[in-house]
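Coordinates from entry_33.cif are shown below (mmCIF, C-alpha atoms).
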```cif
data_final
loop_
_atom_site.label_atom_id
_atom_site.label_comp_id
_atom_site.auth_asym_id
_atom_site.auth_seq_id
_atom_site.Cartn_x
_atom_site.Cartn_y
_atom_site.Cartn_z
CA MET K 1 0.00 0.00 0.00
CA ILE K 2 0.96 3.63 -0.38
CA VAL K 3 2.49 4.30 3.03
CA GLN K 4 4.34 0.98 3.03
CA ARG K 5 5.86 1.84 -0.34
CA ALA K 6 6.98 5.25 0.93
CA ILE K 7 8.77 3.63 3.88
CA GLU K 8 10.38 1.03 1.62
CA GLU K 9 11.47 3.79 -0.77
CA ALA K 10 13.11 5.60 2.14
CA GLY K 11 15.35 2.56 2.66
CA ILE K 12 13.57 0.55 5.35
CA PRO K 13 12.43 -2.99 4.49
CA THR K 14 8.72 -3.39 5.23
CA ILE K 15 6.05 -6.06 5.46
CA ILE K 16 2.33 -5.67 5.87
CA ILE K 17 -0.09 -7.96 7.70
CA ALA K 18 -3.13 -7.81 5.46
CA ALA K 19 -6.73 -8.84 5.97
CA LEU K 20 -7.40 -8.00 2.31
CA PRO K 21 -4.41 -9.40 0.40
CA PRO K 22 -5.78 -8.68 -3.10
CA VAL K 23 -5.99 -4.99 -2.20
CA VAL K 24 -2.42 -4.65 -0.95
CA LYS K 25 -1.19 -6.62 -3.95
CA GLN K 26 -2.97 -4.29 -6.35
CA GLN K 27 -1.48 -1.28 -4.58
CA GLY K 28 2.04 -2.57 -5.05
CA SER K 29 2.97 -3.88 -1.61
CA PRO K 30 6.58 -5.07 -1.67
CA ARG K 31 5.93 -7.86 0.90
CA TYR K 32 2.82 -9.07 2.65
CA VAL K 33 1.41 -11.89 4.74
CA ALA K 34 -2.24 -12.75 5.15
CA PRO K 35 -3.70 -14.58 8.14
CA ARG K 36 -7.40 -15.45 7.79
CA VAL K 37 -8.73 -12.56 9.84
CA PRO K 38 -11.25 -9.74 9.39
CA MET K 39 -10.13 -6.16 8.89
CA GLY K 40 -9.37 -4.75 12.33
CA ALA K 41 -7.82 -7.94 13.68
CA ASN K 42 -4.90 -8.08 11.23
CA ALA K 43 -2.47 -8.88 14.04
CA GLY K 44 -4.69 -11.63 15.47
CA ALA K 45 -7.85 -12.18 17.48
CA PRO K 46 -8.35 -9.79 20.40
CA ASN K 47 -6.91 -11.12 23.67
CA ASP K 48 -5.45 -14.15 21.92
CA LYS K 49 -1.84 -13.76 22.92
CA MET K 50 -0.77 -17.04 21.34
CA MET K 51 -2.21 -16.17 17.92
CA GLN K 52 -0.88 -12.61 18.01
CA THR K 53 2.61 -13.79 18.91
CA ALA K 54 2.56 -16.46 16.19
CA ILE K 55 1.37 -14.01 13.52
CA LEU K 56 4.00 -11.44 14.48
CA LYS K 57 6.82 -14.01 14.52
CA ASP K 58 5.76 -15.49 11.18
CA THR K 59 5.52 -11.99 9.72
CA LEU K 60 9.01 -11.04 10.90
CA ASN K 61 10.44 -14.32 9.62
CA ALA K 62 8.77 -13.76 6.25
CA LEU K 63 10.34 -10.31 6.07
CA MET K 64 13.75 -11.93 6.55
CA GLU K 65 13.10 -14.70 4.01
CA PHE K 66 11.38 -12.94 1.13
CA THR K 67 13.70 -12.19 -1.77
CA GLU K 68 11.58 -10.40 -4.35
CA PHE K 69 8.99 -7.67 -4.79
CA GLY K 70 5.41 -8.74 -4.19
CA GLN K 71 6.33 -11.93 -2.40
CA ASN K 72 3.61 -13.03 0.01
CA LYS K 73 2.42 -15.86 2.19
CA ALA K 74 -0.88 -16.98 3.65
CA LEU K 75 -0.52 -17.51 7.39
CA PRO K 76 -2.24 -20.52 8.98
CA TYR K 77 -4.28 -18.67 11.60
CA GLU K 78 -7.99 -18.13 11.47
CA TYR K 79 -10.32 -15.87 13.37
CA LYS K 80 -13.75 -14.62 12.46
CA HIS K 81 -16.52 -12.80 14.22
CA ALA K 82 -19.13 -15.03 15.78
CA MET J 1 -5.59 2.46 -42.22
CA GLN J 2 -5.80 4.81 -39.29
CA LEU J 3 -6.63 3.00 -36.08
CA THR J 4 -6.72 5.97 -33.72
CA THR J 5 -8.42 9.29 -34.24
CA ALA J 6 -7.75 10.58 -30.74
CA PRO J 7 -4.13 9.95 -29.68
CA GLY J 8 -3.74 8.83 -26.07
CA MET J 9 -7.40 7.95 -25.69
CA GLN J 10 -7.98 5.27 -23.06
CA SER J 11 -10.81 2.88 -22.42
CA GLU J 12 -13.69 4.39 -20.50
CA ILE J 13 -13.53 1.28 -18.34
CA PHE J 14 -11.27 2.06 -15.40
CA ALA J 15 -8.31 -0.29 -15.43
CA PRO J 16 -6.17 0.05 -12.29
CA THR J 17 -2.47 -0.52 -12.66
CA THR J 18 -0.04 -1.87 -10.09
CA PRO J 19 2.79 0.59 -9.43
CA PRO J 20 6.41 -0.31 -10.24
CA PRO J 21 8.41 -2.44 -7.80
CA VAL J 22 10.05 -0.86 -4.78
CA TRP J 23 12.48 -2.90 -2.70
CA THR J 24 14.99 -2.47 0.11
CA PRO J 25 16.93 -5.61 1.07
CA VAL J 26 17.16 -6.69 4.68
CA SER J 27 20.62 -5.99 6.07
CA LYS J 28 20.79 -7.75 9.44
CA PRO J 29 19.26 -10.64 11.39
CA LEU J 30 16.07 -10.14 13.41
CA LYS J 31 17.83 -10.39 16.74
CA ASP J 32 19.83 -7.26 15.86
CA CYS J 33 16.94 -5.29 14.32
CA VAL J 34 15.22 -2.24 15.74
CA VAL J 35 11.62 -2.91 14.73
CA GLY J 36 9.25 -0.12 13.82
CA PHE J 37 5.51 -0.52 13.51
CA ALA J 38 2.88 1.53 11.71
CA THR J 39 -0.83 0.84 11.59
CA ALA J 40 -3.47 2.27 9.29
CA GLY J 41 -6.05 1.21 11.84
CA GLY J 42 -6.62 4.67 13.33
CA ILE J 43 -4.97 3.90 16.68
CA HIS J 44 -3.91 6.84 18.85
CA LEU J 45 -3.38 7.75 22.48
CA LYS J 46 -6.52 8.74 24.35
CA ALA J 47 -4.73 11.98 25.18
CA GLN J 48 -4.24 12.81 21.48
CA THR J 49 -6.67 14.44 19.07
CA PRO J 50 -8.79 11.72 17.46
CA PHE J 51 -8.66 11.22 13.69
CA ASN J 52 -11.38 12.74 11.59
CA PRO J 53 -13.36 9.67 10.47
CA ALA J 54 -14.44 11.50 7.30
CA GLY J 55 -10.84 11.52 6.05
CA ASP J 56 -7.55 12.27 7.74
CA PHE J 57 -3.97 12.01 6.51
CA SER J 58 -2.29 13.09 9.76
CA ILE J 59 -0.25 10.79 11.97
CA ARG J 60 -0.07 10.06 15.70
CA GLU J 61 3.18 9.17 17.41
CA ILE J 62 2.61 6.45 19.99
CA PRO J 63 5.45 5.71 22.45
CA SER J 64 6.06 1.96 22.49
CA ASN J 65 6.27 1.96 26.28
CA GLU J 66 2.72 3.27 26.69
CA PRO J 67 0.23 0.71 28.03
CA VAL J 68 -2.55 -0.30 25.63
CA SER J 69 -4.99 1.06 28.21
CA ALA J 70 -3.79 4.54 27.16
CA MET J 71 -4.72 3.89 23.52
CA MET J 72 -7.94 3.94 21.55
CA VAL J 73 -9.21 3.77 17.99
CA THR J 74 -10.90 6.35 15.78
CA HIS J 75 -11.54 4.99 12.30
CA GLY J 76 -14.80 5.04 10.40
CA GLY J 77 -13.76 2.52 7.77
CA TYR J 78 -13.94 -0.84 9.52
CA ASP J 79 -15.56 -2.69 12.40
CA ASN J 80 -13.70 -1.38 15.47
CA SER J 81 -15.03 -4.04 17.84
CA ASP J 82 -11.86 -6.16 17.92
CA VAL J 83 -9.58 -3.19 18.54
CA ASN J 84 -11.93 -1.92 21.21
CA LYS J 85 -11.51 -5.26 22.99
CA ASP J 86 -7.73 -5.34 22.52
CA ILE J 87 -5.52 -2.75 20.80
CA ASN J 88 -3.01 -5.55 20.15
CA ALA J 89 -5.33 -6.94 17.45
CA MET J 90 -4.15 -4.09 15.23
CA LEU J 91 -1.15 -2.56 17.00
CA PRO J 92 0.51 -5.50 18.82
CA VAL J 93 2.58 -3.34 21.14
CA ASP J 94 2.56 -5.88 24.00
CA ARG J 95 3.66 -8.67 21.65
CA LEU J 96 6.47 -6.48 20.22
CA ASN J 97 7.80 -5.72 23.68
CA GLU J 98 7.64 -9.42 24.62
CA LEU J 99 9.58 -10.39 21.47
CA ALA J 100 12.26 -7.83 22.33
CA LYS J 101 12.45 -9.15 25.88
CA GLU J 102 12.90 -12.74 24.72
CA GLY J 103 15.55 -11.65 22.20
CA PHE J 104 13.59 -12.64 19.07
CA ILE J 105 14.07 -9.07 17.85
CA GLY J 106 16.70 -6.54 18.89
CA LYS J 107 14.56 -3.65 20.07
CA VAL J 108 11.18 -2.04 19.56
CA ALA J 109 11.41 1.44 18.04
CA PRO J 110 10.62 4.04 20.73
CA THR J 111 7.83 5.52 18.62
CA LEU J 112 5.07 3.55 16.89
CA VAL J 113 2.88 5.25 14.34
CA GLY J 114 -0.88 5.38 13.96
CA PHE J 115 -2.68 6.80 10.96
CA MET J 116 -6.08 6.38 9.37
CA GLY J 117 -5.93 4.45 6.13
CA GLY J 118 -8.68 3.25 3.91
CA GLY J 119 -8.90 6.10 1.47
CA GLY J 120 -8.68 9.85 1.63
CA ASN J 121 -6.20 11.99 -0.21
CA VAL J 122 -3.91 9.55 -2.01
CA GLU J 123 -1.42 12.26 -3.06
CA LYS J 124 -1.10 13.45 0.54
CA PHE J 125 -0.52 9.90 1.77
CA ARG J 126 2.07 9.25 -0.93
CA ASN J 127 3.94 12.55 -0.73
CA GLU J 128 3.49 13.65 2.89
CA THR J 129 2.16 11.04 5.31
CA GLY J 130 4.30 8.15 4.01
CA PRO J 131 7.58 10.11 3.96
CA ALA J 132 6.78 11.63 7.39
CA ILE J 133 6.36 8.15 8.88
CA ALA J 134 9.55 7.00 7.14
CA LYS J 135 11.40 9.95 8.70
CA ILE J 136 10.24 9.02 12.22
CA LEU J 137 11.44 5.45 11.64
CA LYS J 138 14.76 6.61 10.18
CA ASP J 139 15.39 9.10 12.97
CA GLU J 140 14.93 6.32 15.53
CA GLY J 141 17.18 3.91 13.71
CA ALA J 142 14.46 1.41 12.75
CA ASP J 143 15.96 -1.36 10.61
CA ILE J 144 12.66 -2.87 9.51
CA CYS J 145 8.99 -1.95 9.74
CA VAL J 146 5.83 -4.03 10.09
CA LEU J 147 2.47 -2.57 9.18
CA THR J 148 -1.15 -3.52 9.67
CA ALA J 149 -3.54 -2.28 7.00
CA GLY J 150 -5.67 -3.51 4.16
#
```
Would it be possible to restate this file's structure as structure tokens?
Amino acid sequence: MIVQRAIEEAGIPTIIIAALPPVVKQQGSPRYVAPRVPMGANAGAPNDKMMQTAILKDTLNALMEFTEFGQNKALPYEYKHA
Amino acid sequence: MQLTTAPGMQSEIFAPTTPPPVWTPVSKPLKDCVVGFATAGGIHLKAQTPFNPAGDFSIREIPSNEPVSAMMVTHGGYDNSDVNKDINAMLPVDRLNELAKEGFIGKVAPTLVGFMGGGGNVEKFRNETGPAIAKILKDEGADICVLTAG
């Protein structure tokens, strides 16, 4: 997305945790991951420390591993509103 | 045969294009990285001026040592219920500090950034908001940055 690209352009590697991966792809995100979550819980279900930690660790690891523009990964965590 | 009578004419059907690649390689391992974080989720300190839900390209600097109880959300573009229950669902400040403590990352940047994504003035976001956030991260020596948005 736009702000992510501006940070990347300034020389800082970035990754976005997206609830809407097709949108961030279209906007030219350099790197993104996508857990199965609704918008507003991108970093994991509220008060679910285990899921939030896992998403953040996987995201940081992906940032280290990705080697090319637009690379992305679906993350194996799911949360949806009841 | 002339194929075009109006040079440069485009289809009336809007066809979005993906912008050109932008890429900065990672330069050090996670355990040595100062990690910045920016969220488009409209998070800010309760003591700060809320975002204008009708459209706002300003930013809020959120110290990473503030408790989540001092934070709130103002964003008209998505269901705020999860963030209202737990700020960490969008700005995982507690998780970041835990990862720094356990040595998974080097440090959390002293200042995290909240802004209100989801539309608004694209030019302002591209030319002002984005670079302003990048400057905060640079000034604090952030090596990498994670975002939540989209």
Go through region 17-36 of chain J residue by residue and, counting all atoms listed in the file, keep those with an atom at most 8 Å from region 41-65 of chain K; for each kept residue give the shortest atom pair and its distance in Å to one decimal, ordered by chain and increasing number, as JSON lines.
```
{"residue": "J:Val26", "atom": "CA", "partner": "K:Met64", "partner_atom": "CA", "distance": 6.5}
{"residue": "J:Pro29", "atom": "CA", "partner": "K:Met64", "partner_atom": "CA", "distance": 7.4}
{"residue": "J:Leu30", "atom": "CA", "partner": "K:Met64", "partner_atom": "CA", "distance": 7.5}
```
Next item on the list: Mind checking which residues fall within 9 Å of Gly42 (chain J), counting all atoms listed in the file, ignoring those fewer than 3 positions away in the same chain, and posting them as an MDAnalysis selection string?
Entry: chainID J and resid 39 50:51 53 59:60 72:76 114:117
Within 8 Å of chain K, which residues belong to chain J? Use all atoms listed in the file and report them as a CSV table (one decimal) with C-alpha atoms, in the frame of the given file.
```csv
chain,number,residue,atom,x,y,z
J,17,THR,CA,-2.5,-0.5,-12.7
J,18,THR,CA,0.0,-1.9,-10.1
J,19,PRO,CA,2.8,0.6,-9.4
J,20,PRO,CA,6.4,-0.3,-10.2
J,21,PRO,CA,8.4,-2.4,-7.8
J,22,VAL,CA,10.0,-0.9,-4.8
J,23,TRP,CA,12.5,-2.9,-2.7
J,24,THR,CA,15.0,-2.5,0.1
J,25,PRO,CA,16.9,-5.6,1.1
J,26,VAL,CA,17.2,-6.7,4.7
J,29,PRO,CA,19.3,-10.6,11.4
J,30,LEU,CA,16.1,-10.1,13.4
J,41,GLY,CA,-6.0,1.2,11.8
J,78,TYR,CA,-13.9,-0.8,9.5
J,79,ASP,CA,-15.6,-2.7,12.4
J,80,ASN,CA,-13.7,-1.4,15.5
J,81,SER,CA,-15.0,-4.0,17.8
J,82,ASP,CA,-11.9,-6.2,17.9
J,83,VAL,CA,-9.6,-3.2,18.5
J,85,LYS,CA,-11.5,-5.3,23.0
J,86,ASP,CA,-7.7,-5.3,22.5
J,87,ILE,CA,-5.5,-2.8,20.8
J,88,ASN,CA,-3.0,-5.6,20.2
J,89,ALA,CA,-5.3,-6.9,17.4
J,90,MET,CA,-4.2,-4.1,15.2
J,91,LEU,CA,-1.2,-2.6,17.0
J,92,PRO,CA,0.5,-5.5,18.8
J,95,ARG,CA,3.7,-8.7,21.6
J,96,LEU,CA,6.5,-6.5,20.2
J,122,VAL,CA,-3.9,9.6,-2.0
J,125,PHE,CA,-0.5,9.9,1.8
J,126,ARG,CA,2.1,9.2,-0.9
J,129,THR,CA,2.2,11.0,5.3
J,130,GLY,CA,4.3,8.2,4.0
J,131,PRO,CA,7.6,10.1,4.0
J,133,ILE,CA,6.4,8.2,8.9
J,134,ALA,CA,9.6,7.0,7.1
J,138,LYS,CA,14.8,6.6,10.2
J,142,ALA,CA,14.5,1.4,12.8
J,143,ASP,CA,16.0,-1.4,10.6
J,144,ILE,CA,12.7,-2.9,9.5
J,145,CYS,CA,9.0,-2.0,9.7
J,146,VAL,CA,5.8,-4.0,10.1
J,147,LEU,CA,2.5,-2.6,9.2
J,148,THR,CA,-1.2,-3.5,9.7
J,149,ALA,CA,-3.5,-2.3,7.0
J,150,GLY,CA,-5.7,-3.5,4.2
```
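One distance worth recording is that between CA of Glu61 (chain J) and CA of Asp139 (chain J), which is 13.0 Å.
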Checklist line | Selection under test: the PyMOL selection byres ((chain K and resi 75) around 8); residues as a ChimeraX atom specification | finding: /K:33-36,55,58,73-74,76-77
Item checked: Å distance separating CA of Gly36 (chain J) from CA of Ser58 (chain J), one decimal place -> 18.0 Å
Let me know the centre plus edge lengths, in Å and rounded to one decimal, of a box with edges along x, y and z that contains all listed atoms of region 33-40 of chain K and is padded by 5 Å on every side, as lines of an AutoDock Vina configuration file.
```
center_x = -4.9
center_y = -10.1
center_z = 8.5
size_x = 22.7
size_y = 20.7
size_z = 17.6
```
Note to self: Would you pick out the contacts of Leu112 (chain J) at 8 Å or less, using only C-alpha atoms, so that residues sharing its chain but fewer than 6 positions from it are not included, and give the list as an MDAnalysis selection string?
What the structure shows: chainID J and resid 36:38 61:64
Kindly export the residues of the current selection with C-alpha atoms, as a PDB file, keeping the file's coordinate frame.
```pdb
ATOM      1  CA  GLY J  36       9.250  -0.120  13.820  1.00  0.00           C
ATOM      2  CA  PHE J  37       5.510  -0.520  13.510  1.00  0.00           C
ATOM      3  CA  ALA J  38       2.880   1.530  11.710  1.00  0.00           C
ATOM      4  CA  GLU J  61       3.180   9.170  17.410  1.00  0.00           C
ATOM      5  CA  ILE J  62       2.610   6.450  19.990  1.00  0.00           C
ATOM      6  CA  PRO J  63       5.450   5.710  22.450  1.00  0.00           C
ATOM      7  CA  SER J  64       6.060   1.960  22.490  1.00  0.00           C
TER       8      SER J  64
END
```
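Coordinates place CA of Ile43 (chain J) at a distance of 21.6 Å from CA of Ala100 (chain J).
Residues lying within 6 Å of region 102-109 of chain J, counting all atoms listed in the file and ignoring same-chain neighbours fewer than 4 positions away, are J:Leu30, J:Lys31, J:Asp32, J:Cys33, J:Val34, J:Val35, J:Gly36.
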